[in-house]
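Worksheet for the structure shown next.
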2 protein chains.
Amino acid sequence: MNPDPDYSAAYVELLTSDGEAGEGLVFTIGRGNDVQCAAIEALAGHVVGRDVDALLSGLGNFSRELVGDSQLRWLGPEKGVMHMAIGAVVNAAWDLRARREGKPLWLLLAELAPEQIVDLVDFRYLSDALTRDEALEILRRAEPGKSERIAALQADGVPAYTTTPGWLGYSDEKLIRLLREARDEGFDMVKLKVGADVEDDARRMRIARETMGEGYPIAMDANQRWDVADAVAWLERLAPYDPAWIEEPTSPDDVLAHAAIRRAIAPLRVATGEQMQNRIIAKQLLQAGALDVLQLDASRVGGVNENIAILLLAAKFDIPVCPHAGGVGLCELVQHYAFFDAAAVAGPRSDRYIEYVHHLHEHFEDPVVIDQGSYAAPTNPGSGARMHERSVQEHRFPQGDVWKDLSDADAS
Amino acid sequence: MNPDPDYSAAYVELLTSDGEAGEGLVFTIGRGNDVQCAAIEALAGHVVGRDVDALLSGLGNFSRELVGDSQLRWLGPEKGVMHMAIGAVVNAAWDLRARREGKPLWLLLAELAPEQIVDLVDFRYLSDALTRDEALEILRRAEPGKSERIAALQADGVPAYTTTPGWLGYSDEKLIRLLREARDEGFDMVKLKVGADVEDDARRMRIARETMGEGYPIAMDANQRWDVADAVAWLERLAPYDPAWIEEPTSPDDVLAHAAIRRAIAPLRVATGEQMQNRIIAKQLLQAGALDVLQLDASRVGGVNENIAILLLAAKFDIPVCPHAGGVGLCELVQHYAFFDAAAVAGPRSDRYIEYVHHLHEHFEDPVVIDQGSYAAPTNPGSGARMHERSVQEHRFPQGDVWKDLSDADAS
């Protein structure tokens with residue numbers, strides 16, 4: 001579905017008059033980044049000149065203010081470019097707050113009182129599935145033992161799975177080598193891209209199953225390739241290889257199609273969520289019984305506040321959240337949601353994984369740490385979004401050295 | 001929901017080397033227009049320098065090419081700012097083609113063969129509700145008598161309803177006066193905005209019912225104000241005034257909530273669609289039994305091609321399409337869908353209305369003609385999007401005279 005994966009990011013920095021900074025980003029592809037930047041610029045009036053203390057102590061209101069801007073809301077509402085821009089700005093404010101408080105974002109969130117957490121959430125359009133009181137109850141249930149859970153997370157981390165071996169187009173030899181490396185690195189699960197050719201997929205799944213052995217979880221990702229009937233036929237062919245789940249079998253907007261596919265292919269599990277536009281689609285996916293695994297993303301919905309709503313919804317419906325990662329900086333960002341979820345929302349569960357991809361970590365000041373196949377708990381202050389100044393300068397479009405080098409290469 | 005309704009439009013002109021022009025537009029509000037323009041500019045590479053004949057003879061492929069641009073698709077997919085930009089460019093190409101062929105858009109579409117029409121549609125993600133073959137069957141069923149229907153539409157038009165009397169904040173006297181004027185102008189239906197205060201709404205509905213008499217259709221529009229329970233309670237209070245429908249009771253993304261509300265308030269009808277992001281949400285609204293009236297918009301989804309898909313879906317489910325209008329130029333644009341639908345898709349039906357609002361028509365070269373409460377069939381070539389050159393120049397932001405005058409007024 002993405003033939004021109006020219007990984008990019010729209011990078012937001014909130015700078016205070018005291019010289020502090022908070023960062024957020026939206027993962028984009030190529031020319032899409034220009035549109036994303038224009039959407040972020042449209043939000044400047046909500047931020048520039050604001051009192052920092054007041055803004056950071058009222059991030060529920062700040063999020064609602066941005067989402068509610070009626071001139072920008074018309075462009076959605078609450079979806080696509082404009083909503084992702086809001087997410088990046090909201091996340092940059094959270095990054096700044098976490099740095100000020102000297103805590104990693106997940107721990108800052110986990111240590112808030114249940115009442116403070118629900119105040120961050122916009123329950124509009126959610127109350128038929130989750131009320132403020134129900135959310136409070138979920139959070140209060142998680143209060144006992146929270147500090148022990150935090151300590152356990154700091155000791156053991158959260159399991160990761162890796163998509164690194166699974167891209168389409170690798171030779172069978174490379175697939176086998178990367179699968180073995182993934183297991184040697186301690187990953188308890190891998191994921192293969194599927195959907196281009198069913199017989200090719202069957203061969204790759206067979207090889208993966210033979211390489212990893214019976215019982216080792218091997219997930220599959222179709223990246224929205226199919227209509228309902230195609231999905232069902234394709235998955236009947238692949239089911240014998242005992243996949244752990246099928247991810248994004250169809251359009252991320254199609255709640256009813258996901259539900260129909262899930263009913264048809266049970267017990268094979270359905271995962272989705274990386275391009276889920278907002279909490280309203282999340283709610284419906286859960287209400288309709290359309291998924292077994294919810295894969296929230298850090299740069300798709302309206303930021304930390306909306307992702308808290310999504311975590312609460314998933315907890316209400318007892319569905320595990322396995323964040324989507326990859327792209328630019330998504331591993332660094334999404335890990336905080338899984339740690340917060342485990343500490344203070346859904347609590348421990350054996351089916352929680354964070355996706356991991358081995359690329360682009362070198363550009364981040366506080367790159368993720370994978371230890372024996374698990375994400376180590378972030379310990380440094382912030383949300384993980386801050387890039388090295390040099391990476392930002394070199395990759396800035398179009399004036400960065402990386403682009404100049406490419407354009408010299410084109411010219412020669 | 002829209003406290004700062006600073007009506008704007010992103011206006012697209014496709015200019016050929018022969019001096020022809022095709023126009024399209026996206027209705028926006030205020031600062032949102034800057035973001036919309038950036039999204040449209042990101043599409044320039046798909047248009048500039050193209051062979052005009054080839055492009056216009058393959059508008060199905062052109063639409064698929066724009067929607068499928070993987071760098072831009074990531075920003076949606078198929079929703080929000082980027083999708084509306086695609087719609088404006090696709091619509092401008094249709095405007096150019098209709099001008100070349102010397103036909104109003106609706107007639108151009110109506111005179112295509114069923115096979116040509118289905119070739120325009122992207123059935124991806126639709127096949128669980130509507131296949132290409134089923135769409136062909138719908139269109140072929142409408143072939144007999146088509147020329148007679150076209151003649152009848154040219155003679156009689158399509159009924160309009162007006163929202164002009166129904167805005168919030170009017171005095172009761174003004175409401176009564178505007179209601180009487182609407183009836184005197186021949187409108188067979190009016191619509192009132194509701195949702196700010198239930199007792200105020202009840203009083204206004206009572207006045208409207210008393211003014212217009214029993215049996216006169218009075219619709220209501222809640223502009224996304226409610227969650228499910230609020231909607232049901234509010235509508236129980238208003239049902240005694242026998243409203244014709246309730247429009248947008250909740251989030252446009254919430255298929256399941258619309259369905260729940262509809263079940264709870266039957267036989268009161270539910271209308272929605274003006275902010276429906278794409279054909280995939282349209283499909284689900286129909287599959288879930290979430291609406292009685294589908295209100296497509298001309299500048300929300302991906303243009304003419306996707307709106308043809310939506311008309312076909314509505315015909316499959318036997319739901320009337322009553323296009324949304326108002327804003328900037330929407331009356332001029334959406335009328336073409338209703339005429340095309342009546343001529344070549346769903347055929348005649350007594351429950352088809354086109355919304356009408358009395359403003360901003362003076363800026364368009366080919367303004368709608370309302371005759372005794374009905375839209376007269378457009379007769380001039382094109383899609384209705386072209387504005388007077390003087391209107392464009394005066395309103396261009398920020399250099400147009402209108403903006404200079406506002407800024408002088410601010411300064412004085």
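So you can find residues: chains in the structure tokens are A, B, ... in the order shown, residues in each start at 1, and ligands are numbered from 1 in order.
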
Inset, instruction - Identify, with DSSP run on backbone atoms, the residues in region 124-269 of chain B assigned to helix (DSSP H, G or I), and express the list as an MDAnalysis selection string. - result: chainID B and resid 132:141 146:156 164:166 172:184 198:212 228:241 255:265

Could you please take those selected residues and save C-alpha atoms as a short mmCIF file (atom, residue, chain, number, x, y, z; two decimals), in the first residue's frame?
data_model
loop_
_atom_site.label_atom_id
_atom_site.label_comp_id
_atom_site.auth_asym_id
_atom_site.auth_seq_id
_atom_site.Cartn_x
_atom_site.Cartn_y
_atom_site.Cartn_z
CA ARG B 132 -19.40 -3.57 -9.61
CA ASP B 133 -22.02 -5.96 -11.02
CA GLU B 134 -24.67 -4.81 -8.58
CA ALA B 135 -23.89 -1.19 -9.43
CA LEU B 136 -24.22 -2.00 -13.12
CA GLU B 137 -27.59 -3.59 -12.45
CA ILE B 138 -28.83 -0.50 -10.60
CA LEU B 139 -27.76 1.71 -13.50
CA ARG B 140 -29.19 -0.59 -16.15
CA ARG B 141 -32.51 -0.69 -14.35
CA LYS B 146 -34.07 7.98 -18.75
CA SER B 147 -34.60 10.53 -21.49
CA GLU B 148 -38.17 11.09 -20.32
CA ARG B 149 -36.95 11.59 -16.77
CA ILE B 150 -34.34 14.05 -17.97
CA ALA B 151 -37.04 15.99 -19.79
CA ALA B 152 -39.24 15.97 -16.68
CA LEU B 153 -36.35 17.19 -14.53
CA GLN B 154 -35.65 19.97 -17.03
CA ALA B 155 -39.32 20.98 -16.84
CA ASP B 156 -39.97 20.62 -13.12
CA THR B 164 -32.77 30.14 6.08
CA PRO B 165 -35.47 30.56 8.78
CA GLY B 166 -33.93 28.09 11.18
CA ASP B 172 -39.50 34.46 17.57
CA GLU B 173 -40.89 37.27 15.39
CA LYS B 174 -38.07 36.86 12.88
CA LEU B 175 -38.51 33.08 12.93
CA ILE B 176 -42.23 33.45 12.14
CA ARG B 177 -41.59 36.01 9.42
CA LEU B 178 -38.91 33.87 7.73
CA LEU B 179 -41.05 30.74 7.96
CA ARG B 180 -43.92 32.54 6.24
CA GLU B 181 -41.58 33.89 3.59
CA ALA B 182 -40.24 30.38 2.96
CA ARG B 183 -43.74 29.07 2.41
CA ASP B 184 -44.64 32.04 0.25
CA VAL B 198 -33.92 21.91 24.75
CA GLU B 199 -36.67 24.21 26.05
CA ASP B 200 -35.67 26.88 23.55
CA ASP B 201 -35.80 24.24 20.82
CA ALA B 202 -39.23 23.07 21.98
CA ARG B 203 -40.56 26.63 21.88
CA ARG B 204 -39.14 27.24 18.39
CA MET B 205 -40.48 23.92 17.08
CA ARG B 206 -43.90 24.72 18.58
CA ILE B 207 -43.90 28.12 16.91
CA ALA B 208 -42.78 26.59 13.62
CA ARG B 209 -45.44 23.89 13.79
CA GLU B 210 -48.16 26.46 14.60
CA THR B 211 -46.95 28.74 11.83
CA MET B 212 -46.69 26.10 9.11
CA VAL B 228 -26.51 8.82 22.35
CA ALA B 229 -28.38 9.26 25.63
CA ASP B 230 -28.57 13.05 25.25
CA ALA B 231 -29.94 12.68 21.75
CA VAL B 232 -32.63 10.26 22.78
CA ALA B 233 -33.78 12.39 25.74
CA TRP B 234 -33.74 15.61 23.71
CA LEU B 235 -35.64 14.07 20.83
CA GLU B 236 -38.31 12.65 23.10
CA ARG B 237 -38.96 16.25 24.12
CA LEU B 238 -39.14 17.45 20.50
CA ALA B 239 -40.94 14.49 18.89
CA PRO B 240 -44.44 15.88 19.68
CA TYR B 241 -43.81 18.64 17.12
CA VAL B 255 -22.02 4.77 12.69
CA LEU B 256 -23.07 2.72 15.70
CA ALA B 257 -24.30 5.72 17.68
CA HIS B 258 -26.39 6.91 14.74
CA ALA B 259 -27.87 3.41 14.52
CA ALA B 260 -28.60 3.31 18.25
CA ILE B 261 -30.25 6.72 18.15
CA ARG B 262 -32.32 5.76 15.12
CA ARG B 263 -33.57 2.60 16.80
CA ALA B 264 -34.48 4.54 19.94
CA ILE B 265 -36.36 7.40 18.29
#

Inset, instruction - Select residues of chain A: the criterion is any atom within 8 Å of an atom of chain B, counting only C-alpha atoms; output as an NGL selection string. - result: :A and (1-6 or 28-32 or 34-36 or 38-39 or 42 or 70-72 or 74-77 or 79-82 or 124-128 or 226-229 or 250-251 or 253-257 or 275 or 277 or 280-281 or 284)

Legend entry - All residues 8 Å or closer to Leu14 (chain A), only C-alpha atoms, same chain fewer than 2 positions away omitted, as a PyMOL selection string: chain A and resi 12+16+21-23+92-93+96

Same residues, N, CA, C and O atoms, saved as a CSV table (one decimal), in the first residue's frame:
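Final output, result37.csv:
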chain,number,residue,atom,x,y,z
A,12,VAL,N,7.8,19.2,16.0
A,12,VAL,CA,7.3,20.4,16.7
A,12,VAL,C,8.2,20.7,17.9
A,12,VAL,O,8.4,19.7,18.7
A,16,THR,N,10.2,27.8,25.4
A,16,THR,CA,9.8,28.7,26.4
A,16,THR,C,10.8,29.9,26.6
A,16,THR,O,11.9,29.8,26.1
A,21,ALA,N,12.5,23.4,26.3
A,21,ALA,CA,11.8,22.9,25.1
A,21,ALA,C,11.1,21.6,25.3
A,21,ALA,O,11.5,20.8,26.1
A,22,GLY,N,10.0,21.5,24.6
A,22,GLY,CA,9.2,20.3,24.5
A,22,GLY,C,9.0,19.9,23.1
A,22,GLY,O,8.8,20.8,22.2
A,23,GLU,N,9.1,18.6,22.8
A,23,GLU,CA,9.1,18.2,21.4
A,23,GLU,C,7.9,17.2,21.1
A,23,GLU,O,7.6,16.4,22.0
A,92,ALA,N,3.9,17.7,22.4
A,92,ALA,CA,5.0,18.5,22.7
A,92,ALA,C,4.8,19.2,24.0
A,92,ALA,O,5.8,19.3,24.8
A,93,ALA,N,3.6,19.6,24.3
A,93,ALA,CA,3.3,20.2,25.6
A,93,ALA,C,3.5,19.1,26.7
A,93,ALA,O,4.1,19.4,27.8
A,96,LEU,N,7.2,18.7,27.3
A,96,LEU,CA,7.7,19.8,28.1
A,96,LEU,C,7.4,19.6,29.6
A,96,LEU,O,8.2,19.8,30.5

Inset, instruction - Would you kindly return, as a ChimeraX atom specification, each protein, DNA or RNA residue with an atom no farther than 12 Å from any atom of Pro367 (chain B), considering only C-alpha atoms and excluding same-chain residues fewer than 5 positions away? - result: /B:328-333,335,358-362,375-380,382-388
